[in-house]
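*Asks:* File name my_file.cif; file contents mmCIF, C-alpha atoms and all ligand atoms; full text below.
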```
data_target
loop_
_atom_site.label_atom_id
_atom_site.label_comp_id
_atom_site.auth_asym_id
_atom_site.auth_seq_id
_atom_site.Cartn_x
_atom_site.Cartn_y
_atom_site.Cartn_z
CA MET A 203 0.00 0.00 0.00
CA LEU A 204 2.98 2.28 -0.44
CA PRO A 205 2.83 5.13 -1.29
CA THR A 206 -0.65 6.36 -0.39
CA MET A 207 -2.28 7.50 -3.60
CA MET A 208 -5.50 9.01 -4.89
CA PRO A 209 -8.72 7.04 -4.65
CA ALA A 210 -10.01 5.15 -7.66
CA VAL A 211 -13.77 4.69 -7.84
CA LEU A 212 -14.04 7.04 -4.90
CA ARG A 213 -13.01 9.94 -7.08
CA HIS A 214 -16.61 9.95 -8.24
CA PHE A 215 -18.09 10.63 -4.85
CA GLY A 216 -19.74 13.98 -4.69
CA ARG A 217 -18.60 15.06 -8.13
CA GLN A 218 -20.98 16.00 -10.86
CA THR A 219 -19.99 13.04 -13.00
CA THR A 220 -22.41 11.22 -15.25
CA ARG A 221 -23.35 7.83 -13.94
CA ARG A 222 -22.28 5.25 -16.45
CA ALA A 223 -21.96 1.55 -16.90
CA VAL A 224 -18.49 0.08 -16.68
CA SER A 225 -18.58 -3.10 -18.69
CA THR A 226 -15.46 -4.62 -17.20
CA TRP A 227 -16.59 -4.11 -13.66
CA ARG A 228 -16.49 -7.06 -11.29
CA PRO A 229 -17.08 -7.23 -7.55
CA ALA A 230 -13.50 -6.81 -6.44
CA VAL A 231 -13.82 -7.93 -2.84
CA PRO A 232 -16.43 -10.66 -2.76
CA SER A 233 -15.08 -11.90 0.54
CA LEU A 234 -15.28 -8.63 2.45
CA SER A 235 -18.62 -9.41 4.09
CA LYS A 236 -17.28 -12.76 5.10
CA ARG A 237 -14.09 -11.25 6.44
CA LEU A 238 -15.99 -8.70 8.51
CA GLN A 239 -18.13 -11.54 9.84
CA VAL A 240 -15.10 -13.61 10.72
CA ALA A 241 -13.56 -10.60 12.44
CA GLY A 242 -16.78 -10.28 14.48
CA LEU A 243 -17.44 -6.86 13.00
CA ARG A 244 -20.67 -7.41 11.17
CA GLN A 245 -23.89 -5.62 12.12
CA ASN A 246 -24.57 -8.11 14.86
CA SER A 247 -21.38 -7.32 16.79
CA GLY A 248 -21.62 -5.50 20.12
CA VAL A 249 -21.09 -2.19 18.37
CA GLN A 250 -24.65 -2.32 17.06
CA ASN A 251 -26.06 -1.37 20.42
CA VAL A 252 -23.92 1.65 20.99
CA THR A 253 -23.61 3.22 17.57
CA PRO A 254 -26.01 4.57 14.99
CA GLN A 255 -26.61 2.02 12.29
CA SER A 256 -28.42 3.70 9.49
CA LEU A 257 -27.85 6.46 7.01
CA ASP A 258 -31.33 7.88 7.47
CA GLU A 259 -30.31 9.06 10.93
CA TYR A 260 -28.29 11.76 9.16
CA ASP A 261 -28.66 14.63 6.76
CA ILE A 262 -25.56 14.49 4.59
CA ASP A 263 -24.28 17.04 2.13
CA PHE A 264 -23.02 14.83 -0.68
CA ASN A 265 -22.38 17.83 -2.94
CA SER A 266 -19.32 19.31 -1.29
CA PRO A 267 -16.95 16.78 0.25
CA LEU A 268 -14.77 17.88 3.14
CA GLY A 269 -11.85 15.83 1.91
CA TYR A 270 -10.64 12.97 -0.23
CA GLY A 271 -8.37 10.14 0.85
CA ALA A 272 -6.94 6.97 -0.60
CA ILE A 273 -9.87 4.86 0.54
CA GLY A 274 -12.75 7.20 1.12
CA THR A 275 -14.42 10.55 0.78
CA VAL A 276 -15.48 12.52 3.84
CA TYR A 277 -18.76 14.49 3.86
CA ALA A 278 -20.32 16.89 6.31
CA GLY A 279 -23.55 15.83 7.94
CA GLN A 280 -25.89 16.35 10.82
CA HIS A 281 -27.37 13.81 13.18
CA ARG A 282 -31.10 14.40 12.80
CA ARG A 283 -32.18 13.68 16.37
CA THR A 284 -29.46 15.56 18.23
CA ALA A 285 -28.56 18.10 15.50
CA ALA A 286 -24.90 17.26 16.20
CA GLU A 287 -22.53 18.15 13.39
CA VAL A 288 -20.68 15.11 12.07
CA ALA A 289 -18.19 14.13 9.39
CA ILE A 290 -18.90 10.84 7.62
CA LYS A 291 -16.26 8.92 5.72
CA VAL A 292 -17.90 6.91 2.94
CA VAL A 293 -15.98 3.98 1.53
CA SER A 294 -17.06 1.84 -1.38
CA SER A 295 -16.25 -1.84 -1.05
CA VAL A 296 -15.33 -2.16 -4.71
CA LEU A 297 -12.84 -0.75 -7.14
CA VAL A 298 -13.75 -0.30 -10.77
CA PRO A 299 -10.99 -1.54 -13.09
CA GLY A 300 -9.96 1.12 -15.57
CA GLU A 301 -10.65 3.84 -13.02
CA ARG A 302 -7.51 3.20 -11.07
CA THR A 303 -4.68 5.66 -10.98
CA GLN A 304 -1.11 4.47 -10.88
CA GLY A 305 -0.25 3.19 -7.43
CA ALA A 306 -3.85 3.25 -6.23
CA LEU A 307 -5.07 0.60 -3.88
CA ASP A 308 -5.84 -2.83 -5.13
CA SER A 309 -9.03 -4.50 -3.98
CA ASP A 310 -7.38 -6.52 -1.21
CA GLU A 311 -5.82 -3.36 0.19
CA LEU A 312 -9.18 -1.62 0.03
CA SER A 313 -10.94 -4.40 1.88
CA ASP A 314 -8.09 -4.53 4.43
CA SER A 315 -8.50 -0.79 4.99
CA ILE A 316 -12.23 -1.16 5.63
CA ILE A 317 -11.52 -3.92 8.13
CA HIS A 318 -8.77 -1.90 9.87
CA GLU A 319 -10.96 1.17 10.20
CA THR A 320 -13.94 -0.90 11.39
CA GLN A 321 -11.80 -2.68 13.97
CA ALA A 322 -10.35 0.58 15.27
CA PHE A 323 -13.79 2.25 15.50
CA THR A 324 -15.22 -0.83 17.22
CA GLN A 325 -12.35 -0.92 19.70
CA MET A 326 -12.60 2.80 20.47
CA ILE A 327 -16.37 2.78 20.85
CA GLY A 328 -16.35 -0.45 22.86
CA ALA A 329 -13.67 0.91 25.20
CA GLY A 330 -15.38 4.30 25.45
CA VAL A 331 -12.30 6.10 24.16
CA SER A 332 -12.82 9.83 24.23
CA HIS A 333 -9.71 11.97 24.06
CA PRO A 334 -9.22 15.64 23.21
CA HIS A 335 -6.53 14.73 20.65
CA ILE A 336 -8.28 11.88 18.86
CA VAL A 337 -11.19 12.59 16.53
CA ASP A 338 -14.31 11.40 18.29
CA CYS A 339 -15.52 8.25 16.51
CA SER A 340 -19.19 7.66 17.10
CA GLY A 341 -20.23 4.87 14.79
CA CYS A 342 -19.55 2.67 11.81
CA PHE A 343 -21.98 0.71 9.74
CA GLU A 344 -22.60 -0.49 6.23
CA GLY A 345 -25.62 0.03 4.04
CA PRO A 346 -26.86 -0.61 0.52
CA ALA A 347 -25.56 1.91 -1.99
CA GLU A 348 -29.10 2.63 -3.27
CA GLU A 349 -29.83 4.33 0.02
CA ALA A 350 -26.99 6.80 -0.55
CA LEU A 351 -27.84 7.17 -4.25
CA SER A 352 -31.36 8.19 -3.33
CA LEU A 353 -29.89 10.82 -1.01
CA GLY A 354 -27.76 12.32 -3.76
CA LEU A 355 -24.46 10.44 -3.74
CA ASP A 356 -23.09 10.05 -7.26
CA LEU A 357 -21.63 6.61 -7.91
CA THR A 358 -20.54 4.60 -10.90
CA GLU A 359 -22.86 1.76 -11.71
CA GLY A 360 -20.44 -0.92 -10.57
CA ALA A 361 -19.87 0.67 -7.23
CA ALA A 362 -23.60 1.19 -6.80
CA GLU A 363 -24.20 -2.54 -6.69
CA GLU A 364 -22.17 -3.21 -3.56
CA PRO A 365 -22.63 -1.96 0.01
CA LEU A 366 -21.02 1.23 1.24
CA HIS A 367 -19.20 1.56 4.54
CA TYR A 368 -19.75 4.61 6.74
CA PHE A 369 -17.53 5.92 9.53
CA VAL A 370 -19.16 8.66 11.60
CA MET A 371 -16.89 11.14 13.39
CA GLU A 372 -16.80 14.50 15.05
CA ARG A 373 -16.72 17.25 12.38
CA LEU A 374 -13.46 19.20 12.32
CA HIS A 375 -13.20 22.64 10.74
CA GLY A 376 -9.46 23.13 10.39
CA ASN A 377 -6.88 21.85 7.93
CA THR A 378 -4.53 18.92 8.14
CA LEU A 379 -0.94 19.65 9.12
CA VAL A 380 0.02 19.30 5.44
CA GLU A 381 -1.94 22.45 4.59
CA TYR A 382 -0.85 24.09 7.82
CA ILE A 383 2.83 23.67 6.89
CA ALA A 384 2.15 24.85 3.32
CA ASP A 385 0.24 27.93 4.52
CA LYS A 386 3.14 28.89 6.78
CA GLN A 387 5.53 28.57 3.84
CA LYS A 388 3.28 30.63 1.59
CA ASP A 389 3.43 33.40 4.16
CA GLY A 390 7.24 33.15 4.10
CA GLY A 391 7.33 31.65 7.58
CA SER A 392 7.74 28.27 9.18
CA ILE A 393 6.53 26.48 12.29
CA ASP A 394 8.69 27.52 15.22
CA GLU A 395 9.86 25.14 17.91
CA LYS A 396 7.41 26.36 20.49
CA GLU A 397 4.44 25.80 18.20
CA CYS A 398 5.84 22.46 17.04
CA SER A 399 6.17 21.38 20.65
CA ARG A 400 2.53 22.23 21.32
CA ILE A 401 1.39 20.23 18.28
CA MET A 402 3.70 17.32 19.01
CA ARG A 403 2.66 17.11 22.63
CA ALA A 404 -1.00 16.85 21.57
CA VAL A 405 -0.22 14.19 18.94
CA CYS A 406 1.79 12.23 21.52
CA GLN A 407 -1.05 12.40 24.05
CA GLY A 408 -3.53 11.16 21.44
CA LEU A 409 -1.18 8.36 20.43
CA GLU A 410 -0.49 7.40 24.02
CA CYS A 411 -4.23 6.93 24.52
CA LEU A 412 -4.52 4.83 21.34
CA HIS A 413 -1.62 2.63 22.42
CA GLU A 414 -3.05 2.21 25.91
CA ASN A 415 -6.22 0.97 24.26
CA GLY A 416 -4.38 -1.52 22.09
CA ILE A 417 -4.62 0.48 18.86
CA VAL A 418 -1.59 1.12 16.68
CA HIS A 419 -2.26 3.84 14.11
CA ARG A 420 0.35 2.77 11.50
CA ASP A 421 -0.07 5.89 9.36
CA ILE A 422 1.07 8.81 11.48
CA LYS A 423 1.93 11.69 9.15
CA PRO A 424 1.00 15.37 8.80
CA GLY A 425 -1.92 14.43 6.51
CA ASN A 426 -3.51 12.40 9.29
CA VAL A 427 -3.35 15.11 11.92
CA MET A 428 -6.16 17.67 11.69
CA LEU A 429 -6.75 20.95 13.41
CA SER A 430 -10.11 21.50 15.04
CA ASP A 431 -10.61 24.97 13.51
CA LEU A 432 -8.89 27.81 11.68
CA SER A 433 -8.18 29.99 14.74
CA ASP A 434 -4.75 30.33 16.41
CA ASP A 435 -6.23 28.51 19.34
CA PHE A 436 -6.79 25.28 17.42
CA ASP A 437 -6.88 21.86 18.96
CA VAL A 438 -4.99 18.95 17.40
CA LYS A 439 -6.71 15.68 16.49
CA LEU A 440 -5.50 12.36 15.14
CA ILE A 441 -7.66 11.08 12.27
CA ASP A 442 -7.77 8.20 9.77
CA PHE A 443 -7.75 4.65 11.11
CA SER A 444 -7.66 2.92 7.74
CA HIS A 445 -4.23 1.44 8.51
CA ALA A 446 -4.80 0.88 12.22
CA GLY A 447 -4.02 -2.41 13.90
CA VAL A 448 -5.67 -3.64 17.08
CA VAL A 449 -3.61 -5.71 19.49
CA PRO A 450 -5.54 -8.92 20.15
CA GLU A 451 -6.55 -9.40 23.76
CA THR A 452 -4.73 -12.65 23.89
CA VAL A 453 -1.58 -13.47 22.03
CA ASP A 454 -0.48 -17.10 21.81
CA GLY A 455 -3.15 -18.11 24.29
CA GLN A 456 -1.58 -16.04 27.07
CA LEU A 457 -2.19 -12.56 28.41
CA PRO A 458 -4.01 -10.09 28.65
CA GLN A 459 -0.91 -8.20 27.56
CA THR A 460 0.57 -6.12 30.30
CA SER A 461 1.35 -3.46 27.75
CA ALA A 462 -0.47 -3.41 24.43
CA ALA A 463 2.15 -0.95 23.19
CA GLU A 464 4.87 -3.56 23.56
CA ALA A 465 3.10 -6.47 21.89
CA THR A 466 5.04 -7.40 18.76
CA VAL A 467 2.12 -8.85 16.85
CA PHE A 468 1.87 -6.97 13.57
CA THR A 469 3.16 -8.25 10.27
CA LYS A 470 1.41 -6.25 7.51
CA LYS A 471 3.47 -3.98 5.33
CA LEU A 472 1.58 -0.71 5.23
CA GLY A 473 2.11 2.96 5.86
CA THR A 474 3.15 5.98 3.83
CA GLN A 475 6.46 6.35 2.06
CA GLY A 476 8.77 8.70 3.95
CA TYR A 477 7.02 7.98 7.25
CA VAL A 478 6.88 4.21 7.57
CA ALA A 479 9.24 2.55 10.07
CA PRO A 480 12.08 0.42 8.69
CA GLU A 481 10.97 -2.73 10.54
CA VAL A 482 7.54 -2.50 8.85
CA LEU A 483 9.21 -2.40 5.44
CA LYS A 484 11.70 -5.11 6.28
CA GLN A 485 9.06 -7.63 7.28
CA LYS A 486 11.61 -9.79 9.02
CA ASP A 487 10.00 -9.97 12.45
CA PRO A 488 6.61 -8.90 13.77
CA TYR A 489 6.55 -5.29 14.86
CA SER A 490 4.87 -3.27 17.61
CA ALA A 491 3.39 0.16 18.38
CA SER A 492 6.94 1.46 18.17
CA CYS A 493 6.36 1.89 14.42
CA ASP A 494 4.14 4.89 15.35
CA VAL A 495 7.04 6.39 17.32
CA PHE A 496 9.23 6.33 14.24
CA SER A 497 6.50 7.93 12.08
CA LEU A 498 6.10 10.54 14.79
CA GLY A 499 9.81 11.35 14.43
CA CYS A 500 9.32 11.83 10.66
CA THR A 501 6.30 14.04 11.37
CA MET A 502 8.23 16.18 13.85
CA HIS A 503 11.04 16.51 11.30
CA ALA A 504 8.53 17.58 8.63
CA LEU A 505 7.02 20.18 10.97
CA LEU A 506 10.39 21.70 11.81
CA ALA A 507 11.90 21.42 8.33
CA GLU A 508 9.15 22.85 6.10
CA GLY A 509 7.68 19.49 5.14
CA ARG A 510 10.95 17.60 4.50
CA VAL A 511 11.19 14.08 5.87
CA PRO A 512 14.50 12.65 7.10
CA HIS A 513 16.71 10.86 4.61
CA ARG A 514 17.27 7.11 4.93
CA THR A 515 20.50 5.35 4.27
CA ARG A 516 21.24 1.73 5.04
CA GLY A 517 20.67 1.22 8.71
CA ARG A 518 20.54 4.88 9.70
CA MET A 519 18.55 8.08 9.43
CA MET A 520 19.95 11.44 8.34
CA THR A 521 18.12 14.50 9.58
CA SER A 522 18.24 17.96 8.00
CA LEU A 523 16.81 20.32 10.58
CA PRO A 524 17.35 24.09 10.50
CA ASP A 525 20.42 25.23 12.48
CA SER A 526 18.22 27.14 14.88
CA ILE A 527 16.66 23.99 16.39
CA SER A 528 17.65 23.44 20.02
CA ALA A 529 19.70 20.50 21.28
CA ASP A 530 16.66 19.11 23.15
CA GLY A 531 14.59 19.25 19.95
CA ARG A 532 17.31 17.44 17.97
CA ASP A 533 17.71 14.83 20.70
CA LEU A 534 14.00 14.05 20.59
CA VAL A 535 13.94 13.72 16.78
CA ASP A 536 17.00 11.44 16.93
CA ALA A 537 15.46 9.28 19.64
CA LEU A 538 12.11 8.92 17.83
CA LEU A 539 13.94 8.05 14.60
CA SER A 540 16.11 5.33 16.15
CA TYR A 541 16.49 2.75 13.43
CA SER A 542 15.97 -0.17 15.73
CA PRO A 543 12.57 -0.20 17.50
CA GLU A 544 14.19 -1.37 20.76
CA ASP A 545 16.16 1.88 20.89
CA ARG A 546 13.10 4.11 20.56
CA PRO A 547 11.28 5.57 23.56
CA THR A 548 7.64 4.65 24.05
CA ILE A 549 5.23 7.54 23.55
CA SER A 550 4.82 7.83 27.33
CA GLU A 551 8.60 8.07 27.76
CA ALA A 552 8.87 10.65 24.98
CA LEU A 553 6.22 12.77 26.70
CA LYS A 554 8.37 12.92 29.83
CA GLY A 555 11.41 14.28 27.94
CA PRO A 556 12.54 17.90 28.36
CA TRP A 557 11.48 19.22 24.95
CA LEU A 558 7.84 18.13 25.22
CA GLN A 559 7.76 19.15 28.88
CA GLN A 560 9.33 22.56 28.65
CA CYS A 561 9.08 23.93 25.14
CA GLY A 562 5.76 25.70 24.77
N1 LIG B 1 -13.51 14.47 11.08
C1 LIG B 1 -13.27 15.17 9.98
N2 LIG B 1 -13.78 16.42 9.82
C2 LIG B 1 -13.54 17.13 8.68
N3 LIG B 1 -12.79 16.68 7.64
C3 LIG B 1 -12.24 15.44 7.74
C4 LIG B 1 -12.45 14.63 8.90
N4 LIG B 1 -11.80 13.47 8.72
C5 LIG B 1 -11.20 13.54 7.52
N5 LIG B 1 -11.45 14.73 6.93
C6 LIG B 1 -10.95 15.16 5.59
O1 LIG B 1 -10.98 14.04 4.70
C7 LIG B 1 -9.65 13.73 4.23
C8 LIG B 1 -9.52 12.23 4.06
O2 LIG B 1 -9.74 11.58 5.31
P1 LIG B 1 -8.90 10.28 5.74
O3 LIG B 1 -7.48 10.65 5.89
O4 LIG B 1 -9.56 9.67 6.91
O5 LIG B 1 -9.13 9.35 4.46
P2 LIG B 1 -8.27 8.16 3.86
O6 LIG B 1 -8.97 7.73 2.62
O7 LIG B 1 -8.09 7.10 4.86
O8 LIG B 1 -6.93 8.88 3.56
P3 LIG B 1 -5.43 8.51 3.25
O9 LIG B 1 -5.22 9.03 1.89
O10 LIG B 1 -4.64 9.26 4.30
O11 LIG B 1 -5.27 7.02 3.41
C9 LIG B 1 -8.72 14.34 5.27
O12 LIG B 1 -7.46 14.63 4.73
C10 LIG B 1 -9.50 15.60 5.67
O13 LIG B 1 -9.29 16.63 4.70
MG MG B 2 -5.65 10.17 5.62
#
```
Go ahead and express the file in the form of structure tokens.
*Replies:*
Amino acid sequence: MLPTMMPAVLRHFGRQTTRRAVSTWRPAVPSLSKRLQVAGLRQNSGVQNVTPQSLDEYDIDFNSPLGYGAIGTVYAGQHRRTAAEVAIKVVSSVLVPGERTQGALDSDELSDSIIHETQAFTQMIGAGVSHPHIVDCSGCFEGPAEEALSLGLDLTEGAAEEPLHYFVMERLHGNTLVEYIADKQKDGGSIDEKECSRIMRAVCQGLECLHENGIVHRDIKPGNVMLSDLSDDFDVKLIDFSHAGVVPETVDGQLPQTSAAEATVFTKKLGTQGYVAPEVLKQKDPYSASCDVFSLGCTMHALLAEGRVPHRTRGRMMTSLPDSISADGRDLVDALLSYSPEDRPTISEALKGPWLQQCG
């Protein structure tokens, strides 16, 4: 799944495209329903009781998407009963051959992403996770595409024949850190250390909570950190669980794990080029939540160095931070970017370090 690219069939969501038949279309992930069932994530899982389950509980503005990602398109909506503002990520369970851009997901990756996001939402909702630096996830469900078509969603014919997956979240009004860095550059400025420290501390606190709840994000990068609004007083929120992994409650028949963050149980090669940890790419041994720590180091580097990620050579990382960055700031970047996961701090340890404690 490297690098993360533009969506394929999802490009049609919300656009004024003409609906048309795609003769070569085939259901690309016939086993997705089965896989969700096997993973215990179908409608009859525990999540049904605590989350909204139907599209008609919402008014959704399908005409002006809030954002596009590799697997889904996010729309603004309102929960009818409570009038709460929401953002809903809509993911089609099929890809339409011929619509794919170079490097786009294949159908297995798409169905994996739906399962990852569903597992993460289920885990967060089940555990009652509510954290100021994690987007509030209130429900996930699937529904027939006709339902969405009748409400104004534009879909290709192939995609319209398979169910859609919905992920309901708190609506955020700011930009991602990608745009935030770009806006600073446009104004001839950059993110200073004090501001970076404030953002990083919030991201670390959000990640610490995810790790404590057995969730490894696996795609930490500026594009997956959003700001709550456009004011200077913004809050910072982690988004996008399409790569997330959930630590099983029992590993090898033992446990519960004393520390979910230390469980080396993941084997899938996924992430975003420039940010993914070396052990995830290497695929030699199972890896742990420490992969998020490495991606966090790349994110901190990008924030301080106008979007540049560190350079990789065999077995080591080369940073290129501005000369003005303090010794404590450099030490933290170096520690987060330790090539070997055993040498990296945990998120909780990083939070106790001087730069995140004192700067800002
Ligand atoms: N809660 C939200 N409120 C407002 N806009 C959002 C929200 N969540 C996501 N977005 C917008 O939608 C875009 C895509 O969301 P997201 O990153 O979850 O999708 P994805 O398909 O998994 O993306 P990726 O390309 O990173 O794999 C974001 O970059 C952002 O612009
Ligand atoms: Mg994303």
*Asks:* Could you tell me which of A:Val276, A:Cys398, A:Met428, A:Glu311 comes closest to Lys470 (chain A) if we count only C-alpha atoms?
*Replies:* A:Glu311
*Asks:* Dump the neighbourhood of ligand MG 2 (chain B) as a ChimeraX atom specification: all residues within 12 Å, distances computed on only C-alpha atoms and all ligand atoms.
*Replies:* /A:206-209,269-276,291,315,319,377-380,419-428,440-446,473-474
*Asks:* For Tyr382 (chain A), list every protein, DNA or RNA residue within 12 Å, evaluated using all atoms listed in the file, and leave out those in the same chain fewer than 4 positions away; present the list as a list in words.
*Replies:*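 Listed by chain and then number, they are Gly376, Asn377, Thr378, Lys386, Gln387, Lys388, Asp389, Gly391, Ser392, Ile393, Glu397, Cys398, Ile401, Pro424, Gly425, Val427, Met428, Leu429, Asp431, Leu432, Ser433, Asp434, Phe436, Val438, Ala504, Leu505, Glu508 and Gly509 of chain A.
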*Asks:* Taking all atoms of ligand LIG 1 (chain B) that appear in the file, build a box with edges along x, y and z, extend it by 3 Å on every side, and state its centre and edge lengths in Å to one decimal, as AutoDock Vina command-line options.
*Replies:*
```
--center_x -9.2 --center_y 12.1 --center_z 6.5 --size_x 15.1 --size_y 16.1 --size_z 15.2
```
*Asks:* Using only C-alpha atoms, find the one residue out of A:Arg516, A:His367, A:His281, A:Arg403 that sits nearest to Thr320 (chain A).
*Replies:*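 Result for the nearest residue to Thr320 (chain A): A:His367.
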*Asks:* Nearest to Pro450 (chain A) among A:Val482, A:Cys500, A:Leu523, A:Ile417, with distances taken over only C-alpha atoms: which residue is it?
*Replies:*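 Checking each of A:Val482, A:Cys500, A:Leu523, A:Ile417 against Pro450 (chain A), counting only C-alpha atoms, the winner is A:Ile417.
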*Asks:* Between A:Glu414, A:Asp356, A:Asp525, A:Glu363, which residue has the minimum interatomic distance to Ala329 (chain A), considering all atoms listed in the file?
*Replies:*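 Nearest to Ala329 (chain A): A:Glu414.
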*Asks:* For CA of Asn265 (chain A) and CA of Ala322 (chain A), quote the distance in Å rounded to one decimal.
*Replies:*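 Atom-to-atom, CA of Asn265 (chain A) to CA of Ala322 (chain A), that is 27.8 Å.
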*Asks:* Of the candidates A:His333, A:His318, A:His513, A:His503, which shows the shortest atom-to-atom distance to ligand LIG 1 (chain B), using only C-alpha atoms and all ligand atoms?
*Replies:*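 When distances to ligand LIG 1 (chain B) are compared using only C-alpha atoms and all ligand atoms, the smallest one comes from A:His318.
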*Asks:* Of the residues A:Ile527, A:Val448, A:Val370, A:Leu268, which is the one nearest to Glu395 (chain A), using only C-alpha atoms?
*Replies:*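 Of the candidates, the smallest distance to Glu395 (chain A) is held by A:Ile527.
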*Asks:* Tell me, in Å to one decimal, how far CA of Met326 (chain A) is from atom N4 of ligand LIG 1 (chain B).
*Replies:*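 Distance between the two atoms: 15.9 Å.
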*Asks:* Quick check, in Å to one decimal: how far apart do CA of Tyr368 (chain A) and CA of Cys342 (chain A) lie?
*Replies:* 5.4 Å
*Asks:* Which polymer residues have any atom within 9 Å of an atom of region 348-355 of chain A, counting all atoms listed in the file, with same-chain residues fewer than 3 positions away left out, as a PyMOL selection string?
*Replies:* chain A and resi 215-217+257-258+261-265+345+362-363+365-366
*Asks:* Keeping only C-alpha atoms, write the selected residues to a file as an mmCIF file, in the frame of the given file.
*Replies:*
```cif
data_model
loop_
_atom_site.group_PDB
_atom_site.id
_atom_site.type_symbol
_atom_site.label_atom_id
_atom_site.label_comp_id
_atom_site.auth_asym_id
_atom_site.auth_seq_id
_atom_site.Cartn_x
_atom_site.Cartn_y
_atom_site.Cartn_z
ATOM 1 C CA PHE A 215 -18.090 10.630 -4.850
ATOM 2 C CA GLY A 216 -19.740 13.980 -4.690
ATOM 3 C CA ARG A 217 -18.600 15.060 -8.130
ATOM 4 C CA LEU A 257 -27.850 6.460 7.010
ATOM 5 C CA ASP A 258 -31.330 7.880 7.470
ATOM 6 C CA ASP A 261 -28.660 14.630 6.760
ATOM 7 C CA ILE A 262 -25.560 14.490 4.590
ATOM 8 C CA ASP A 263 -24.280 17.040 2.130
ATOM 9 C CA PHE A 264 -23.020 14.830 -0.680
ATOM 10 C CA ASN A 265 -22.380 17.830 -2.940
ATOM 11 C CA GLY A 345 -25.620 0.030 4.040
ATOM 12 C CA ALA A 362 -23.600 1.190 -6.800
ATOM 13 C CA GLU A 363 -24.200 -2.540 -6.690
ATOM 14 C CA PRO A 365 -22.630 -1.960 0.010
ATOM 15 C CA LEU A 366 -21.020 1.230 1.240
#
```
*Asks:* Please provide as a list in words all residues within 8 Å of Gln255 (chain A), with the sequence filter that same-chain residues fewer than 5 positions apart are discarded (counting only C-alpha atoms).
*Replies:*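 Selected residues are Gln250, Gly341, Cys342, Phe343 and Glu344 of chain A.
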